[in-house]
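S.K.: After the structure tokens below, expect a handful of questions from me.
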Amino acid sequence: MKLLKPFSLNRRSFIKGAGVVSALPWLECMANTLTQSSVGVRHSPPKRMAYVYVPNGVSMPGLDSEYADWHWFPKGEGKNFQFTKVLESLNPHKQDLTVIGGLSHPKSRKLLGHIAGDTFLTAGDLRGDYKNSISVDQFAAQIKKDATRYPSLTLSADGGVGFKSRASTLSYDARGEALPSEHNHRAIFERYFSAVGNGPSPERRASLLRQQKMVDLLLDDAKKLQKKLGTEDKQRLEAHLASLYRLEEQIERNEAWLEIPLKPFNADHLDLAVDAKIDPESYIRTMYDLIVLAYQLDLTEVVSYMVSREDGMGVGDAYPKLALGFKKGHHGISHDKTDGHWTEWGQYDRWLAGHFSYFLEQMKNTQDEFGSLLDNTQILYGSACSSTHNARNYPLILAGGKNMGLKHGQFVNFDDKTPLSNLFVQQLRAAGVATEHFADSNEHTNGFAKIFS
């Protein structure tokens with residue numbers, strides 16, 4: 001019997017191919033129906049969505065303790081609520097937001113450690129094998145992508161995807177594969193705000209053609225390679241192919257938008273050289289400024305931003321030391337068992353809330369042709385745990401979206417029968433994404449009428 005020679009892959013050639021891919025912009029896919037005549041014209045206000053994540057839960061001392069003023073959730077309920085010291089910076093925006101308590105992902109409630117953070121926007125079932133599902137931002141982007149240059153922006157403090165239970169992205173595609181986030185301000189600006197629309201059209205069209213040819217070659221090689229691989233390698237290659245298809249589709253999208261210039265804008269206020277390891281406050285605020293500018297220029301309708309990642313990983317864990325002079329990082333504070341740690345934790349949560357307040361202020365005071373950006377944008381801010389490793393009663397703030405039917409100025413509590421996915425469904429509908437279901441959503445809708453018209 002003739003023995004078959006084991007197939008081997010020249011690693012150098014594969015890396016060389018991947019290098020071509022990494023030189024191209026990573027962006028989500030576009031619809032096949034996108035044409036030059038269908039882009040660049042808005043006939044109605046956009047219905048935008050933003051998701052902002054903070055890790056490690058929040059300060060939750062006993063309400064009858066001496067540290068009660070550092071409890072993240074407000075005092076009182078309904079319209080008669082008062083922020084504690086933690087969220088007091090949000091007082092100017094009280095009528096533009098709703099604090100939400102009680103919601104969580106049922107399949108994540110007993111997950112150990114920090115893995116619940118990987119499910120914040122997916123509600124994925126990670127109790128056994130690690131297999132996530134599509135995130136709500138990407139679910140929306142699939143439907144809303146035709147109206148803008150980019151289906152979504154995926155941002156974080158660290159960039160990339162991270163790894164199990166320490167993800168550095170909030171976004172997952174339809175296969176449940178993590179989508180890389182971006183973190184370098186200058187790279188983000190040059191990719192989305194600078195390169196688009198610059199230079200003569202013939203030169204840009206020729207550049208797009210070169211990119212398309214490179215992707216075609218890579219796809220052709222990858223498809224040939226796929227026939228020679230075993231099952232596990234085929235699965236890995238499928239994820240690589242998915243990224244190539246996204247690149248191919250974005251090139252087509254860029255060509256469709258080729259003759260549509262960006263609106264005039266001023267970027268003098270952006271500090272693109274700020275280092276998160278030196279000045280976290282300026283870093284976070286510049287990221288928020290980039291999101292505001294992206295919405296103002298109508299680059300996308302969907303954004304996710306992971307302020308920092310779980311479990312002491314990444315640059316964000318040092319923010320309390322750098323910004324507030326604390327001895328411990330964020331993760332260390334969240335695991336501290338001494339009574340006094342509630343004050344430090346609450347102060348750090350207040351610091352984070354202050355930057356979120358800044359974001360809301362910029363969104364509220366920035367206008368486009370349809371009015372205030374905030375009124376046409378739903379913003380969900382929160383964490384996948386309440387207190388340390390307790391993946392219930394997520395601390396959530398839903399802001400903006402008044403022109404999308406949202407009603408604010410309240411603190412609304414839900415019970416355990418209502419999964420967070422039910423809120424996602426309500427958000428999707430308000431954003432013009434017609435759906436009856438997302439992830440593990442169910443029929444319990446009591447309480448949402450207080451928020452959504």
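We label chains A, B, ... in the order they appear in the structure tokens, count residues from 1 in each chain, and number ligands from 1 in the order shown.
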Skip A:Ala384 itself and residues of its chain fewer than 3 positions away, then list as a ChimeraX atom specification all residues within 12 Å of it, counting only C-alpha atoms.

M.R.: /A:52-58,101-106,108-109,111,113-123,165,170,306,309-310,381,387-396,420

S.K.: Run DSSP on the backbone and give me the residues of stretch 247-367 of chain A it puts in alpha helix (DSSP H), as a VMD selection string.

M.R.: chain A and resid 247 to 256 280 to 296 319 to 324 330 to 335 341 to 365

S.K.: Compile a residue-level contact table for stretch 99-184 of chain A against stretch 299-304 of chain A at a cut-off of 7 Å, reporting for every qualifying residue the shortest atom pair and its distance in Å to one decimal, with only C-alpha atoms counted, rows ordered by chain and ascending number, as a tab-separated table.

M.R.:
residue	atom	partner	partner_atom	distance
A:Asp137	CA	A:Val302	CA	6.4
A:Ala141	CA	A:Val302	CA	6.3
A:Thr148	CA	A:Thr300	CA	5.2
A:Arg149	CA	A:Leu299	CA	5.2
A:Tyr150	CA	A:Thr300	CA	5.2
A:Pro151	CA	A:Thr300	CA	5.8
A:Ser152	CA	A:Val302	CA	4.7
A:Leu153	CA	A:Val303	CA	4.8
A:Thr154	CA	A:Ser304	CA	5.1
A:Leu155	CA	A:Ser304	CA	6.0
A:Leu170	CA	A:Ser304	CA	6.5

S.K.: Leaving out A:Leu360 and any residue of its chain fewer than 4 positions from it, which residues lie within 9 Å of it when counting only C-alpha atoms, given as a VMD selection string?

M.R.: chain A and resid 90 93 96 355 to 356 364 to 365 374 379 399 to 400

S.K.: Mind checking which residues fall within 12 Å of A:Gly371, counting only C-alpha atoms, ignoring those fewer than 6 positions away in the same chain, and posting them as an NGL selection string?

M.R.: :A and (44-46 or 295-296 or 363-365 or 377 or 401-403)

S.K.: How far is it from atom CA of A:Leu324 to atom CA of A:Ser65, in Å with one decimal?

M.R.: 24.0 Å

S.K.: Which value, in Å to one decimal, gives the distance between atom CA of A:Asp289 and atom CA of A:Ala273?

M.R.: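 Separation of atom CA of A:Asp289 and atom CA of A:Ala273: 13.7 Å.
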
S.K.: Please run DSSP on the backbone and report, as a list in words, all residues within stretch 28-143 of chain A that come out as strand (DSSP E).

M.R.: Arg48, Met49, Ala50, Tyr51, Val52, Tyr53, Lys75, Gly76, Glu77, Asn80, Phe81, Gln82, Leu97, Thr98, Val99, Ile100 and Gly101 of chain A

S.K.: For the residues in that selection, give me C-alpha atoms as a PDB file, in the first residue's frame.

M.R.:
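The file below, again14.pdb, is the result:
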ATOM      1  CA  ARG A  48     -27.343  54.930  16.732  1.00  0.00           C
ATOM      2  CA  MET A  49     -26.178  52.528  19.447  1.00  0.00           C
ATOM      3  CA  ALA A  50     -23.147  52.612  21.753  1.00  0.00           C
ATOM      4  CA  TYR A  51     -22.018  50.101  24.380  1.00  0.00           C
ATOM      5  CA  VAL A  52     -19.499  51.070  27.075  1.00  0.00           C
ATOM      6  CA  TYR A  53     -18.061  48.462  29.453  1.00  0.00           C
ATOM      7  CA  LYS A  75     -31.123  55.691  46.664  1.00  0.00           C
ATOM      8  CA  GLY A  76     -34.870  55.437  46.036  1.00  0.00           C
ATOM      9  CA  GLU A  77     -36.584  54.204  42.868  1.00  0.00           C
ATOM     10  CA  ASN A  80     -37.696  59.766  43.092  1.00  0.00           C
ATOM     11  CA  PHE A  81     -34.121  58.614  43.162  1.00  0.00           C
ATOM     12  CA  GLN A  82     -30.889  60.239  44.235  1.00  0.00           C
ATOM     13  CA  LEU A  97     -30.625  58.603  31.487  1.00  0.00           C
ATOM     14  CA  THR A  98     -32.175  55.662  33.293  1.00  0.00           C
ATOM     15  CA  VAL A  99     -30.328  53.627  35.904  1.00  0.00           C
ATOM     16  CA  ILE A 100     -31.257  49.947  35.579  1.00  0.00           C
ATOM     17  CA  GLY A 101     -30.914  47.261  38.229  1.00  0.00           C
TER      18      GLY A 101
END
